[in-house]
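S.K.: What follows is a single structure, and I will ask about it in a moment.
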Amino acid sequence: MSAFKHQQGSLHCEGVPLEAIAEAHGTPTYVYSRQTIESAFLAYQNALADRPHLICYAVKANSNLAVLNVLAGLGAGFDVVSIGELERVIAAGGAADKVVFSGVGKTKQEMLSALEHGIRCFNVESESELLTLAGVAATCGKTAPVSMRVNPDVDAGTHPYISTGLRENKFGVDIETARRLYQVAHDHRALEPVAIDCHIGSQILDIAPFLESLDCLLALVDDLAVEGITLRHLDIGGGLGVSYQESAPAIEEYMSVLTAKLGSRDLELVLEPGRSIVALAGTLLTRVLYLKPSDAKNFAVVDAAMNDLLRPSLYDAWQDIQAVTPHEGESRHWDIVGPICETGDFLGKDRRLALSEGDLLAAMGAGAYGFAMASNYNTRPRAAEVMVSGESLHLVGQREALSDLWQRERIPEGPTS
Ligand SMILES: *Cc1c(COP(=O)(O)O)cnc(C)c1O
């Protein structure tokens, strides 16, 4: 059940009307429902109650400290892809020993820092990275816990920009390379092979590719065990899709088929869900600035733009757009566009709505890869972020001030021409 509902003619997040949020904090503003984040996390947690598991929330989907803090409080681990994300997790009260570190371009500095923090595991993506990690760990007298990210060469059937499990993608190593690298790690005194992982893409709407990947990983786990390399956890990655418009598998359904395949193996199951935890927990609240109806096309210019919410422009993603306070009037088809000087700057196309200037709109399903991908393009300050919990409203991300935007820039001294 959604936390975003119309009550007394106006869209609410849990017990708080979005109108009151716009009044208090202006627009554009991201609104997160704490209850929705918690229930998505608990859906994973409860479905796996009967076996050892760790849900490592993928920080890049939404890295706001308040979001991380809610999840840390529920016992979540975290999947990070930079040292910045690891520092955020720690600042939000997360535990380093529940962190897995993914990504194809970890620097030596990042490896050193992650080793010092005592993270649970490095998800290694290449032979060069493995050898570099071994060198860093040896120099500081530590043993690096490693997992090889296997690229199972499955087609996740998702958008090409967010498909990661095919041979031609830059991620992970093929299964035979992984097999060889486990031996390398096993033989190196500064490395300890502890796990195996994969991540085949994002917004995946069919469970079959996950199961195909799991089969591929389990075959290697079983072979390695025969060779005396016993792995402690298997990490199937993130990527479960959500219902922006299309229908997505339920978390419970996915978990039950996964665990059935794992059988009685003594392996901790690790998952790295991002989108499926936060996407539907967030909305982007924006106000209509101008209406430009014409014979060719009707445009509603709103105060949120592609710098605030990039998904529609980047992936041609569809997100529902709702009137916060629906009113009488002629409804038409509108393209909902932002103020940025790009034709690709839109939040939605051809949406049938009765609109007036000054109306509030809500771009739904904006909790994942929303604020996290925001930029300052066109020297626009990034939006405010609020979290609702029941009747209470908390500002969890202040709107940037204009003066913040060029504070790090310098004009060279002396003659410039
Ligand atoms: C992005 C990413 C995730 C999260 O993907 P979602 O589709 O948001 O669940 C998990 N693991 C890795 C390695 C990633 O890069």
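Naming works like this for the structure tokens: A, B, ... for the chains as they're shown, residue 1 at the start of each chain, ligands 1 onward in shown order.
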If you count only C-alpha atoms and all ligand atoms, which residues end up within 7 Å of ligand 1, as a list in words?

M.R.: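 The neighbouring residues of ligand 1 are, in order, Ala58, Lys60, Ala61, Asp79, Ser102, Gly103, His199, Gly201, Ser202, Gln203, Gly237, Gly238, Gly239, Leu240, Gly241, Glu272, Pro273, Gly274, Arg275 and Ser276 of chain A.
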
S.K.: Generate a file of the selected residues that holds all heavy atoms, formatted as a compact mmCIF listing (two decimals), in the first residue's frame.

M.R.:
```
# COMPACT_ATOMS: atom_id res chain seq x y z
N ALA A 58 22.18 -0.56 -1.54
CA ALA A 58 23.09 0.09 -2.48
C ALA A 58 22.98 1.61 -2.33
O ALA A 58 22.01 2.23 -2.76
CB ALA A 58 22.77 -0.32 -3.92
N LYS A 60 24.22 4.17 -3.64
CA LYS A 60 24.14 5.13 -4.73
C LYS A 60 22.70 5.46 -5.15
O LYS A 60 22.46 6.52 -5.73
CB LYS A 60 24.95 4.66 -5.94
CG LYS A 60 24.32 3.52 -6.74
CD LYS A 60 25.21 3.25 -7.97
CE LYS A 60 24.56 2.37 -9.00
NZ LYS A 60 24.60 0.93 -8.65
N ALA A 61 21.74 4.62 -4.80
CA ALA A 61 20.36 4.89 -5.20
C ALA A 61 19.80 6.13 -4.51
O ALA A 61 19.05 6.91 -5.11
CB ALA A 61 19.48 3.68 -4.89
N ASP A 79 26.11 -1.48 0.36
CA ASP A 79 26.97 -1.68 -0.80
C ASP A 79 27.44 -0.30 -1.23
O ASP A 79 26.62 0.55 -1.56
CB ASP A 79 26.15 -2.35 -1.93
CG ASP A 79 26.90 -2.38 -3.25
OD1 ASP A 79 28.08 -2.75 -3.26
OD2 ASP A 79 26.29 -2.05 -4.29
N SER A 102 31.94 -2.28 -4.00
CA SER A 102 31.88 -2.65 -5.42
C SER A 102 32.50 -1.55 -6.27
O SER A 102 32.79 -0.46 -5.77
CB SER A 102 30.43 -2.84 -5.86
OG SER A 102 29.78 -3.82 -5.09
N GLY A 103 32.63 -1.82 -7.56
CA GLY A 103 33.07 -0.78 -8.50
C GLY A 103 34.34 -1.16 -9.24
O GLY A 103 35.24 -1.77 -8.67
N HIS A 199 26.16 -8.68 -10.20
CA HIS A 199 25.10 -7.65 -10.24
C HIS A 199 24.83 -7.44 -11.72
O HIS A 199 25.68 -6.95 -12.44
CB HIS A 199 25.54 -6.35 -9.57
CG HIS A 199 24.56 -5.23 -9.76
ND1 HIS A 199 23.31 -5.23 -9.17
CD2 HIS A 199 24.61 -4.12 -10.52
CE1 HIS A 199 22.65 -4.13 -9.55
NE2 HIS A 199 23.41 -3.44 -10.37
N GLY A 201 22.30 -5.84 -13.42
CA GLY A 201 21.62 -4.68 -14.01
C GLY A 201 20.60 -4.13 -13.05
O GLY A 201 20.54 -4.54 -11.88
N SER A 202 19.81 -3.19 -13.54
CA SER A 202 18.86 -2.50 -12.68
C SER A 202 17.49 -2.45 -13.35
O SER A 202 17.38 -2.60 -14.56
CB SER A 202 19.39 -1.08 -12.45
OG SER A 202 18.76 -0.49 -11.34
N GLN A 203 16.46 -2.26 -12.52
CA GLN A 203 15.07 -2.21 -13.00
C GLN A 203 14.74 -3.49 -13.80
O GLN A 203 14.16 -3.45 -14.88
CB GLN A 203 14.81 -0.92 -13.81
CG GLN A 203 13.37 -0.67 -14.27
CD GLN A 203 12.33 -0.73 -13.13
OE1 GLN A 203 12.66 -0.77 -11.96
NE2 GLN A 203 11.06 -0.79 -13.47
N GLY A 237 23.67 -9.46 -5.72
CA GLY A 237 23.57 -8.09 -6.24
C GLY A 237 22.20 -7.48 -5.99
O GLY A 237 21.40 -7.99 -5.21
N GLY A 238 21.96 -6.38 -6.68
CA GLY A 238 20.66 -5.70 -6.57
C GLY A 238 19.93 -5.85 -7.88
O GLY A 238 20.08 -6.85 -8.57
N GLY A 239 19.12 -4.87 -8.21
CA GLY A 239 18.56 -4.84 -9.55
C GLY A 239 17.10 -5.14 -9.70
O GLY A 239 16.54 -4.98 -10.78
N LEU A 240 16.44 -5.58 -8.61
CA LEU A 240 15.01 -5.87 -8.74
C LEU A 240 14.27 -4.58 -9.11
O LEU A 240 14.49 -3.53 -8.51
CB LEU A 240 14.46 -6.43 -7.42
CG LEU A 240 13.00 -6.88 -7.47
CD1 LEU A 240 12.83 -8.07 -8.40
CD2 LEU A 240 12.49 -7.22 -6.08
N GLY A 241 13.40 -4.69 -10.11
CA GLY A 241 12.67 -3.52 -10.60
C GLY A 241 11.50 -3.14 -9.71
O GLY A 241 11.10 -3.89 -8.82
N GLU A 272 22.08 -6.72 -2.68
CA GLU A 272 22.47 -5.30 -2.76
C GLU A 272 21.34 -4.47 -3.38
O GLU A 272 21.55 -3.77 -4.37
CB GLU A 272 23.72 -5.15 -3.63
CG GLU A 272 24.93 -5.94 -3.18
CD GLU A 272 26.07 -5.94 -4.22
OE1 GLU A 272 25.87 -5.46 -5.37
OE2 GLU A 272 27.15 -6.41 -3.87
N PRO A 273 20.14 -4.52 -2.83
CA PRO A 273 19.05 -3.77 -3.45
C PRO A 273 19.19 -2.27 -3.20
O PRO A 273 19.55 -1.85 -2.10
CB PRO A 273 17.80 -4.31 -2.74
CG PRO A 273 18.29 -4.74 -1.40
CD PRO A 273 19.71 -5.19 -1.58
N GLY A 274 18.93 -1.49 -4.21
CA GLY A 274 18.92 -0.03 -4.07
C GLY A 274 17.53 0.47 -4.41
O GLY A 274 16.72 0.79 -3.54
N ARG A 275 17.25 0.46 -5.72
CA ARG A 275 15.98 0.96 -6.23
C ARG A 275 14.76 0.37 -5.50
O ARG A 275 13.85 1.10 -5.13
CB ARG A 275 15.87 0.61 -7.72
CG ARG A 275 14.71 1.28 -8.44
CD ARG A 275 14.56 0.71 -9.85
NE ARG A 275 15.78 0.81 -10.62
CZ ARG A 275 16.15 1.88 -11.33
NH1 ARG A 275 15.37 2.93 -11.38
NH2 ARG A 275 17.28 1.88 -11.99
N SER A 276 14.76 -0.96 -5.31
CA SER A 276 13.56 -1.59 -4.75
C SER A 276 13.33 -1.22 -3.29
O SER A 276 12.26 -1.49 -2.74
CB SER A 276 13.62 -3.11 -4.93
OG SER A 276 14.82 -3.62 -4.40
```

S.K.: Using only C-alpha atoms, determine which residues lie at most 10 Å from region 121-126 of chain A, disregarding the query and same-chain residues fewer than 3 positions distant; provide the list as a CSV table (one decimal) with all heavy atoms, in the first residue's frame.

M.R.:
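around-v5.csv written:
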```csv
chain,number,residue,atom,x,y,z
A,79,ASP,N,26.1,-1.5,0.4
A,79,ASP,CA,27.0,-1.7,-0.8
A,79,ASP,C,27.4,-0.3,-1.2
A,79,ASP,O,26.6,0.6,-1.6
A,79,ASP,CB,26.2,-2.3,-1.9
A,79,ASP,CG,26.9,-2.4,-3.3
A,79,ASP,OD1,28.1,-2.7,-3.3
A,79,ASP,OD2,26.3,-2.0,-4.3
A,80,VAL,N,28.8,-0.1,-1.2
A,80,VAL,CA,29.3,1.2,-1.6
A,80,VAL,C,30.1,1.1,-2.8
A,80,VAL,O,30.7,0.0,-3.1
A,80,VAL,CB,30.1,1.9,-0.4
A,80,VAL,CG1,29.3,2.0,0.8
A,80,VAL,CG2,31.4,1.1,-0.2
A,81,VAL,N,30.3,2.2,-3.6
A,81,VAL,CA,31.1,2.2,-4.8
A,81,VAL,C,32.1,3.3,-4.8
A,81,VAL,O,32.8,3.5,-5.8
A,81,VAL,CB,30.2,2.3,-6.1
A,81,VAL,CG1,29.3,1.1,-6.3
A,81,VAL,CG2,29.3,3.6,-6.0
A,96,ALA,N,30.9,-0.4,9.5
A,96,ALA,CA,31.8,-0.8,8.4
A,96,ALA,C,31.9,-2.3,8.1
A,96,ALA,O,32.0,-2.7,7.0
A,96,ALA,CB,33.2,-0.2,8.7
A,97,ASP,N,31.7,-3.1,9.2
A,97,ASP,CA,31.9,-4.5,9.0
A,97,ASP,C,30.7,-5.1,8.3
A,97,ASP,O,30.6,-6.4,8.1
A,97,ASP,CB,32.2,-5.2,10.3
A,97,ASP,CG,31.1,-5.1,11.3
A,97,ASP,OD1,30.1,-4.5,11.1
A,97,ASP,OD2,31.3,-5.7,12.5
A,98,LYS,N,29.7,-4.3,7.9
A,98,LYS,CA,28.6,-4.8,7.1
A,98,LYS,C,28.6,-4.1,5.7
A,98,LYS,O,27.6,-4.1,5.0
A,98,LYS,CB,27.2,-4.5,7.8
A,98,LYS,CG,27.0,-5.3,9.1
A,98,LYS,CD,25.6,-4.9,9.5
A,98,LYS,CE,25.2,-5.6,10.8
A,98,LYS,NZ,23.9,-5.1,11.3
A,99,VAL,N,29.8,-3.6,5.3
A,99,VAL,CA,29.9,-2.9,4.1
A,99,VAL,C,30.6,-3.8,3.0
A,99,VAL,O,31.7,-4.4,3.3
A,99,VAL,CB,30.6,-1.6,4.2
A,99,VAL,CG1,31.0,-1.0,2.9
A,99,VAL,CG2,29.7,-0.6,5.0
A,100,VAL,N,30.0,-3.9,1.8
A,100,VAL,CA,30.7,-4.5,0.7
A,100,VAL,C,31.1,-3.3,-0.2
A,100,VAL,O,30.3,-2.4,-0.4
A,100,VAL,CB,29.9,-5.6,0.0
A,100,VAL,CG1,29.7,-6.8,1.0
A,100,VAL,CG2,28.6,-5.1,-0.6
A,101,PHE,N,32.2,-3.4,-0.9
A,101,PHE,CA,32.7,-2.4,-1.7
A,101,PHE,C,32.8,-2.8,-3.2
A,101,PHE,O,33.6,-3.7,-3.5
A,101,PHE,CB,34.1,-2.0,-1.2
A,101,PHE,CG,34.7,-0.7,-1.7
A,101,PHE,CD1,35.9,-0.2,-1.2
A,101,PHE,CD2,34.1,0.0,-2.7
A,101,PHE,CE1,36.5,1.0,-1.7
A,101,PHE,CE2,34.7,1.2,-3.2
A,101,PHE,CZ,35.9,1.7,-2.7
A,102,SER,N,31.9,-2.3,-4.0
A,102,SER,CA,31.9,-2.7,-5.4
A,102,SER,C,32.5,-1.5,-6.3
A,102,SER,O,32.8,-0.5,-5.8
A,102,SER,CB,30.4,-2.8,-5.9
A,102,SER,OG,29.8,-3.8,-5.1
A,103,GLY,N,32.6,-1.8,-7.6
A,103,GLY,CA,33.1,-0.8,-8.5
A,103,GLY,C,34.3,-1.2,-9.2
A,103,GLY,O,35.2,-1.8,-8.7
A,104,VAL,N,34.4,-0.8,-10.5
A,104,VAL,CA,35.5,-1.2,-11.4
A,104,VAL,C,36.8,-0.4,-11.2
A,104,VAL,O,37.8,-0.7,-11.7
A,104,VAL,CB,35.1,-1.2,-12.9
A,104,VAL,CG1,34.1,-2.2,-13.2
A,104,VAL,CG2,34.7,0.2,-13.3
A,105,GLY,N,36.7,0.8,-10.5
A,105,GLY,CA,37.8,1.7,-10.5
A,105,GLY,C,38.3,2.1,-9.1
A,105,GLY,O,38.6,3.3,-8.8
A,106,LYS,N,38.4,1.1,-8.1
A,106,LYS,CA,38.8,1.5,-6.8
A,106,LYS,C,40.3,2.0,-6.8
A,106,LYS,O,41.1,1.3,-7.4
A,106,LYS,CB,38.7,0.3,-5.8
A,106,LYS,CG,37.3,-0.3,-5.8
A,106,LYS,CD,37.3,-1.6,-4.9
A,106,LYS,CE,36.0,-2.4,-5.1
A,106,LYS,NZ,35.9,-3.2,-6.3
A,111,MET,N,41.2,1.7,-1.3
A,111,MET,CA,41.5,0.3,-0.7
A,111,MET,C,42.0,0.4,0.7
A,111,MET,O,41.6,-0.3,1.6
A,111,MET,CB,42.4,-0.4,-1.6
A,111,MET,CG,41.8,-0.8,-3.0
A,111,MET,SD,43.2,-1.5,-4.1
A,111,MET,CE,42.2,-1.9,-5.5
A,114,ALA,N,39.4,1.7,3.1
A,114,ALA,CA,38.4,0.6,3.4
A,114,ALA,C,39.0,-0.5,4.3
A,114,ALA,O,38.3,-1.0,5.2
A,114,ALA,CB,37.9,0.1,2.1
A,115,LEU,N,40.3,-0.8,4.1
A,115,LEU,CA,40.9,-1.8,4.9
A,115,LEU,C,41.0,-1.3,6.3
A,115,LEU,O,40.8,-2.1,7.3
A,115,LEU,CB,42.3,-2.1,4.4
A,115,LEU,CG,42.4,-3.1,3.2
A,115,LEU,CD1,43.9,-3.1,2.6
A,115,LEU,CD2,42.1,-4.5,3.6
A,118,GLY,N,37.9,-1.7,8.1
A,118,GLY,CA,37.5,-3.0,8.4
A,118,GLY,C,36.2,-3.4,7.7
A,118,GLY,O,35.3,-4.0,8.4
A,129,GLU,N,42.9,-5.3,-10.4
A,129,GLU,CA,42.5,-4.8,-9.2
A,129,GLU,C,42.8,-5.7,-8.0
A,129,GLU,O,43.2,-5.3,-6.9
A,129,GLU,CB,40.9,-4.6,-9.2
A,129,GLU,CG,40.4,-4.0,-7.9
A,129,GLU,CD,38.9,-4.1,-7.8
A,129,GLU,OE1,38.2,-4.1,-8.8
A,129,GLU,OE2,38.4,-4.1,-6.6
A,130,LEU,N,42.7,-7.0,-8.3
A,130,LEU,CA,43.0,-8.0,-7.2
A,130,LEU,C,44.5,-7.9,-6.8
A,130,LEU,O,44.8,-7.9,-5.6
A,130,LEU,CB,42.7,-9.4,-7.8
A,130,LEU,CG,42.9,-10.5,-6.7
A,130,LEU,CD1,41.8,-10.5,-5.7
A,130,LEU,CD2,42.9,-11.9,-7.4
A,131,LEU,N,45.4,-7.8,-7.8
A,131,LEU,CA,46.8,-7.7,-7.5
A,131,LEU,C,47.1,-6.4,-6.8
A,131,LEU,O,48.0,-6.3,-5.9
A,131,LEU,CB,47.6,-7.9,-8.8
A,131,LEU,CG,47.4,-9.2,-9.4
A,131,LEU,CD1,48.2,-9.4,-10.7
A,131,LEU,CD2,47.7,-10.4,-8.5
A,132,THR,N,46.5,-5.3,-7.2
A,132,THR,CA,46.7,-4.0,-6.6
A,132,THR,C,46.2,-4.1,-5.1
A,132,THR,O,47.0,-3.6,-4.2
A,132,THR,CB,45.9,-2.9,-7.3
A,132,THR,OG1,46.4,-2.9,-8.7
A,132,THR,CG2,46.2,-1.5,-6.7
A,133,LEU,N,45.1,-4.7,-4.9
A,133,LEU,CA,44.6,-4.8,-3.5
A,133,LEU,C,45.5,-5.7,-2.7
A,133,LEU,O,45.8,-5.3,-1.5
A,133,LEU,CB,43.2,-5.5,-3.6
A,133,LEU,CG,42.5,-5.7,-2.2
A,133,LEU,CD1,42.3,-4.4,-1.4
A,133,LEU,CD2,41.1,-6.4,-2.4
A,144,ALA,N,43.1,-8.8,3.1
A,144,ALA,CA,41.9,-8.2,2.4
A,144,ALA,C,40.9,-9.3,2.1
A,144,ALA,O,41.2,-10.3,1.4
A,144,ALA,CB,42.2,-7.5,1.1
A,145,PRO,N,39.6,-9.2,2.7
A,145,PRO,CA,38.6,-10.2,2.4
A,145,PRO,C,38.1,-9.9,0.9
A,145,PRO,O,37.7,-8.8,0.7
A,145,PRO,CB,37.5,-9.9,3.4
A,145,PRO,CG,37.8,-8.5,3.9
A,145,PRO,CD,39.2,-8.2,3.6
A,146,VAL,N,38.1,-10.9,0.1
A,146,VAL,CA,37.7,-10.6,-1.3
A,146,VAL,C,36.6,-11.5,-1.8
A,146,VAL,O,36.4,-12.7,-1.4
A,146,VAL,CB,38.9,-10.7,-2.3
A,146,VAL,CG1,39.9,-9.6,-2.0
A,146,VAL,CG2,39.5,-12.1,-2.4
A,147,SER,N,35.8,-10.9,-2.7
A,147,SER,CA,34.8,-11.6,-3.5
A,147,SER,C,35.1,-11.3,-4.9
A,147,SER,O,35.5,-10.2,-5.2
A,147,SER,CB,33.4,-11.0,-3.1
A,147,SER,OG,32.4,-11.5,-4.0
A,148,MET,N,34.9,-12.3,-5.8
A,148,MET,CA,35.1,-12.0,-7.2
A,148,MET,C,33.7,-11.6,-7.8
A,148,MET,O,32.8,-12.4,-7.6
A,148,MET,CB,35.7,-13.1,-8.0
A,148,MET,CG,37.2,-13.5,-7.7
A,148,MET,SD,38.3,-12.1,-7.7
A,148,MET,CE,38.1,-11.4,-9.4
A,149,ARG,N,33.7,-10.5,-8.5
A,149,ARG,CA,32.4,-10.2,-9.2
A,149,ARG,C,32.4,-10.9,-10.5
A,149,ARG,O,33.2,-10.7,-11.4
A,149,ARG,CB,32.3,-8.7,-9.4
A,149,ARG,CG,31.0,-8.4,-10.2
A,149,ARG,CD,30.7,-6.9,-10.2
A,149,ARG,NE,29.5,-6.6,-11.0
A,149,ARG,CZ,29.0,-5.4,-11.2
A,149,ARG,NH1,29.5,-4.4,-10.5
A,149,ARG,NH2,28.0,-5.2,-11.9
A,150,VAL,N,31.5,-11.9,-10.6
A,150,VAL,CA,31.4,-12.7,-11.8
A,150,VAL,C,30.4,-12.1,-12.7
A,150,VAL,O,29.3,-11.6,-12.3
A,150,VAL,CB,30.9,-14.1,-11.4
A,150,VAL,CG1,30.6,-15.0,-12.7
A,150,VAL,CG2,32.0,-14.8,-10.6
A,151,ASN,N,30.8,-12.0,-14.0
A,151,ASN,CA,29.9,-11.5,-15.0
A,151,ASN,C,29.3,-12.8,-15.7
A,151,ASN,O,29.9,-13.5,-16.5
A,151,ASN,CB,30.6,-10.7,-16.0
A,151,ASN,CG,29.7,-10.1,-17.1
A,151,ASN,OD1,28.7,-10.7,-17.4
A,151,ASN,ND2,30.1,-8.9,-17.5
A,170,LYS,N,31.4,-3.6,-18.9
A,170,LYS,CA,32.7,-3.4,-18.2
A,170,LYS,C,32.8,-4.0,-16.9
A,170,LYS,O,33.9,-4.0,-16.3
A,170,LYS,CB,33.0,-1.9,-18.1
A,170,LYS,CG,32.1,-1.2,-17.1
A,170,LYS,CD,32.4,0.3,-17.0
A,170,LYS,CE,31.5,1.0,-16.0
A,170,LYS,NZ,31.6,2.4,-15.9
A,171,PHE,N,31.8,-4.7,-16.4
A,171,PHE,CA,31.7,-5.1,-15.0
A,171,PHE,C,32.2,-6.6,-14.8
A,171,PHE,O,31.8,-7.4,-15.7
A,171,PHE,CB,30.3,-5.0,-14.5
A,171,PHE,CG,29.9,-3.5,-14.5
A,171,PHE,CD1,29.1,-3.1,-15.5
A,171,PHE,CD2,30.3,-2.7,-13.5
A,171,PHE,CE1,28.7,-1.7,-15.5
A,171,PHE,CE2,29.9,-1.3,-13.5
A,171,PHE,CZ,29.1,-0.9,-14.6
A,172,GLY,N,32.9,-6.9,-13.7
A,172,GLY,CA,33.2,-8.2,-13.3
A,172,GLY,C,34.1,-9.0,-14.3
A,172,GLY,O,34.7,-8.4,-15.2
A,173,VAL,N,34.3,-10.3,-14.0
A,173,VAL,CA,35.1,-11.1,-14.8
A,173,VAL,C,34.3,-12.4,-15.2
A,173,VAL,O,33.4,-12.7,-14.5
A,173,VAL,CB,36.4,-11.6,-14.1
A,173,VAL,CG1,37.3,-10.4,-13.8
A,173,VAL,CG2,36.1,-12.3,-12.8
A,174,ASP,N,34.7,-13.0,-16.3
A,174,ASP,CA,33.9,-14.2,-16.7
A,174,ASP,C,34.3,-15.3,-15.7
A,174,ASP,O,35.2,-15.3,-14.9
A,174,ASP,CB,34.2,-14.6,-18.1
A,174,ASP,CG,35.7,-15.0,-18.3
A,174,ASP,OD1,36.1,-16.0,-17.8
A,174,ASP,OD2,36.4,-14.2,-19.0
A,177,THR,N,37.8,-16.9,-15.6
A,177,THR,CA,38.8,-16.0,-15.0
A,177,THR,C,38.6,-16.0,-13.5
A,177,THR,O,39.6,-16.0,-12.7
A,177,THR,CB,38.6,-14.6,-15.6
A,177,THR,OG1,38.7,-14.7,-17.0
A,177,THR,CG2,39.7,-13.6,-15.1
A,178,ALA,N,37.3,-15.9,-13.1
A,178,ALA,CA,37.1,-15.9,-11.6
A,178,ALA,C,37.7,-17.2,-11.0
A,178,ALA,O,38.3,-17.1,-9.9
A,178,ALA,CB,35.6,-15.9,-11.4
A,181,LEU,N,41.3,-16.7,-10.5
A,181,LEU,CA,41.6,-15.6,-9.6
A,181,LEU,C,41.4,-16.1,-8.1
A,181,LEU,O,42.0,-15.6,-7.2
A,181,LEU,CB,40.9,-14.3,-9.9
A,181,LEU,CG,41.3,-13.7,-11.2
A,181,LEU,CD1,40.6,-12.4,-11.5
A,181,LEU,CD2,42.8,-13.4,-11.3
A,192,GLU,N,42.1,-13.0,1.3
A,192,GLU,CA,41.4,-14.1,1.7
A,192,GLU,C,40.1,-14.2,0.9
A,192,GLU,O,39.2,-13.3,1.0
A,192,GLU,CB,41.0,-14.0,3.2
A,192,GLU,CG,40.3,-15.3,3.7
A,192,GLU,CD,39.7,-15.1,5.1
A,192,GLU,OE1,39.7,-14.0,5.7
A,192,GLU,OE2,39.2,-16.2,5.6
A,193,PRO,N,39.9,-15.2,0.1
A,193,PRO,CA,38.7,-15.3,-0.7
A,193,PRO,C,37.5,-15.7,0.2
A,193,PRO,O,37.6,-16.8,0.8
A,193,PRO,CB,38.9,-16.4,-1.7
A,193,PRO,CG,40.1,-17.2,-1.2
A,193,PRO,CD,40.8,-16.3,-0.2
A,194,VAL,N,36.5,-14.8,0.4
A,194,VAL,CA,35.4,-15.1,1.3
A,194,VAL,C,34.1,-15.2,0.6
A,194,VAL,O,33.1,-15.7,1.2
A,194,VAL,CB,35.3,-14.1,2.4
A,194,VAL,CG1,36.6,-14.1,3.3
A,194,VAL,CG2,35.0,-12.7,1.9
A,195,ALA,N,34.0,-14.7,-0.6
A,195,ALA,CA,32.6,-14.6,-1.2
A,195,ALA,C,32.7,-14.6,-2.7
A,195,ALA,O,33.8,-14.6,-3.3
A,195,ALA,CB,32.0,-13.3,-0.7
A,196,ILE,N,31.5,-14.6,-3.3
A,196,ILE,CA,31.3,-14.5,-4.7
A,196,ILE,C,30.1,-13.6,-4.9
A,196,ILE,O,29.2,-13.6,-4.2
A,196,ILE,CB,31.1,-15.9,-5.4
A,196,ILE,CG1,31.1,-15.8,-6.9
A,196,ILE,CG2,29.8,-16.5,-4.9
A,196,ILE,CD1,31.2,-17.1,-7.6
A,197,ASP,N,30.2,-12.7,-6.0
A,197,ASP,CA,29.1,-11.8,-6.2
A,197,ASP,C,28.9,-11.6,-7.7
A,197,ASP,O,29.7,-11.9,-8.5
A,197,ASP,CB,29.4,-10.4,-5.5
A,197,ASP,CG,30.5,-9.6,-6.1
A,197,ASP,OD1,31.7,-10.0,-5.9
A,197,ASP,OD2,30.3,-8.6,-6.8
A,198,CYS,N,27.7,-11.0,-7.9
A,198,CYS,CA,27.4,-10.5,-9.3
A,198,CYS,C,26.3,-9.4,-9.1
A,198,CYS,O,25.8,-9.2,-8.1
A,198,CYS,CB,26.8,-11.7,-10.2
A,198,CYS,SG,25.1,-12.2,-9.7
A,233,HIS,N,30.0,-16.2,1.9
A,233,HIS,CA,28.7,-15.7,1.4
A,233,HIS,C,28.6,-15.6,-0.1
A,233,HIS,O,29.6,-15.5,-0.8
A,233,HIS,CB,28.4,-14.3,2.1
A,233,HIS,CG,29.1,-13.1,1.6
A,233,HIS,ND1,29.9,-12.3,2.4
A,233,HIS,CD2,29.1,-12.5,0.4
A,233,HIS,CE1,30.4,-11.3,1.7
A,233,HIS,NE2,29.9,-11.4,0.5
A,235,ASP,N,26.7,-13.2,-3.0
A,235,ASP,CA,26.0,-11.9,-3.1
A,235,ASP,C,25.4,-11.9,-4.5
A,235,ASP,O,26.2,-11.8,-5.5
A,235,ASP,CB,27.1,-10.9,-2.8
A,235,ASP,CG,26.6,-9.4,-3.1
A,235,ASP,OD1,25.5,-9.3,-3.6
A,235,ASP,OD2,27.4,-8.5,-2.7
```

S.K.: Using only C-alpha atoms, which residue out of A:Ser264, A:Ser331, A:Ser356, A:Gln407 lies closest to Asp50 (chain A)?

M.R.: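 Of all the options, A:Ser264 lies closest to Asp50 (chain A).
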
S.K.: Step one, run DSSP on the backbone; step two, keep only residues of region 147-265 of chain A assigned to alpha helix (DSSP H); then write them as a ChimeraX atom specification.

M.R.: /A:175-187,208-226,251-262

S.K.: Please identify all polymer residues within 9 Å of Val221 (chain A), counting only C-alpha atoms, omitting same-chain residues fewer than 4 positions from it, and present them as a list in words.

M.R.: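 The residues that qualify are Ala195, Ile196, Cys216, Leu217, Ala225, Val226, Ile229, Thr230, Leu231 and Leu234 of chain A.
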
S.K.: Selection from above, N, CA and C atoms, as a short mmCIF file (atom, residue, chain, number, x, y, z; two decimals), in the first residue's frame, can you write it?

M.R.:
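Ended up saving to again31.cif:
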```
data_model
loop_
_atom_site.label_atom_id
_atom_site.label_comp_id
_atom_site.auth_asym_id
_atom_site.auth_seq_id
_atom_site.Cartn_x
_atom_site.Cartn_y
_atom_site.Cartn_z
N ALA A 195 33.98 -14.74 -0.62
CA ALA A 195 32.64 -14.62 -1.19
C ALA A 195 32.68 -14.61 -2.71
N ILE A 196 31.49 -14.64 -3.28
CA ILE A 196 31.32 -14.50 -4.73
C ILE A 196 30.14 -13.55 -4.94
N CYS A 216 24.86 -20.07 -12.18
CA CYS A 216 26.22 -19.90 -12.64
C CYS A 216 27.18 -19.74 -11.44
N LEU A 217 26.78 -18.92 -10.48
CA LEU A 217 27.61 -18.69 -9.30
C LEU A 217 27.72 -19.95 -8.43
N ALA A 225 34.67 -25.36 -3.51
CA ALA A 225 34.65 -26.10 -2.24
C ALA A 225 35.43 -27.40 -2.37
N VAL A 226 35.30 -28.06 -3.52
CA VAL A 226 36.03 -29.31 -3.76
C VAL A 226 37.54 -29.05 -3.76
N ILE A 229 38.54 -24.32 -1.32
CA ILE A 229 38.27 -22.88 -1.13
C ILE A 229 36.79 -22.74 -0.75
N THR A 230 36.56 -22.51 0.55
CA THR A 230 35.19 -22.45 1.03
C THR A 230 34.75 -21.00 1.19
N LEU A 231 33.74 -20.64 0.45
CA LEU A 231 33.26 -19.26 0.51
C LEU A 231 32.18 -19.15 1.58
N LEU A 234 27.38 -15.56 -0.54
CA LEU A 234 27.08 -15.39 -1.96
C LEU A 234 26.22 -14.14 -2.09
#
```
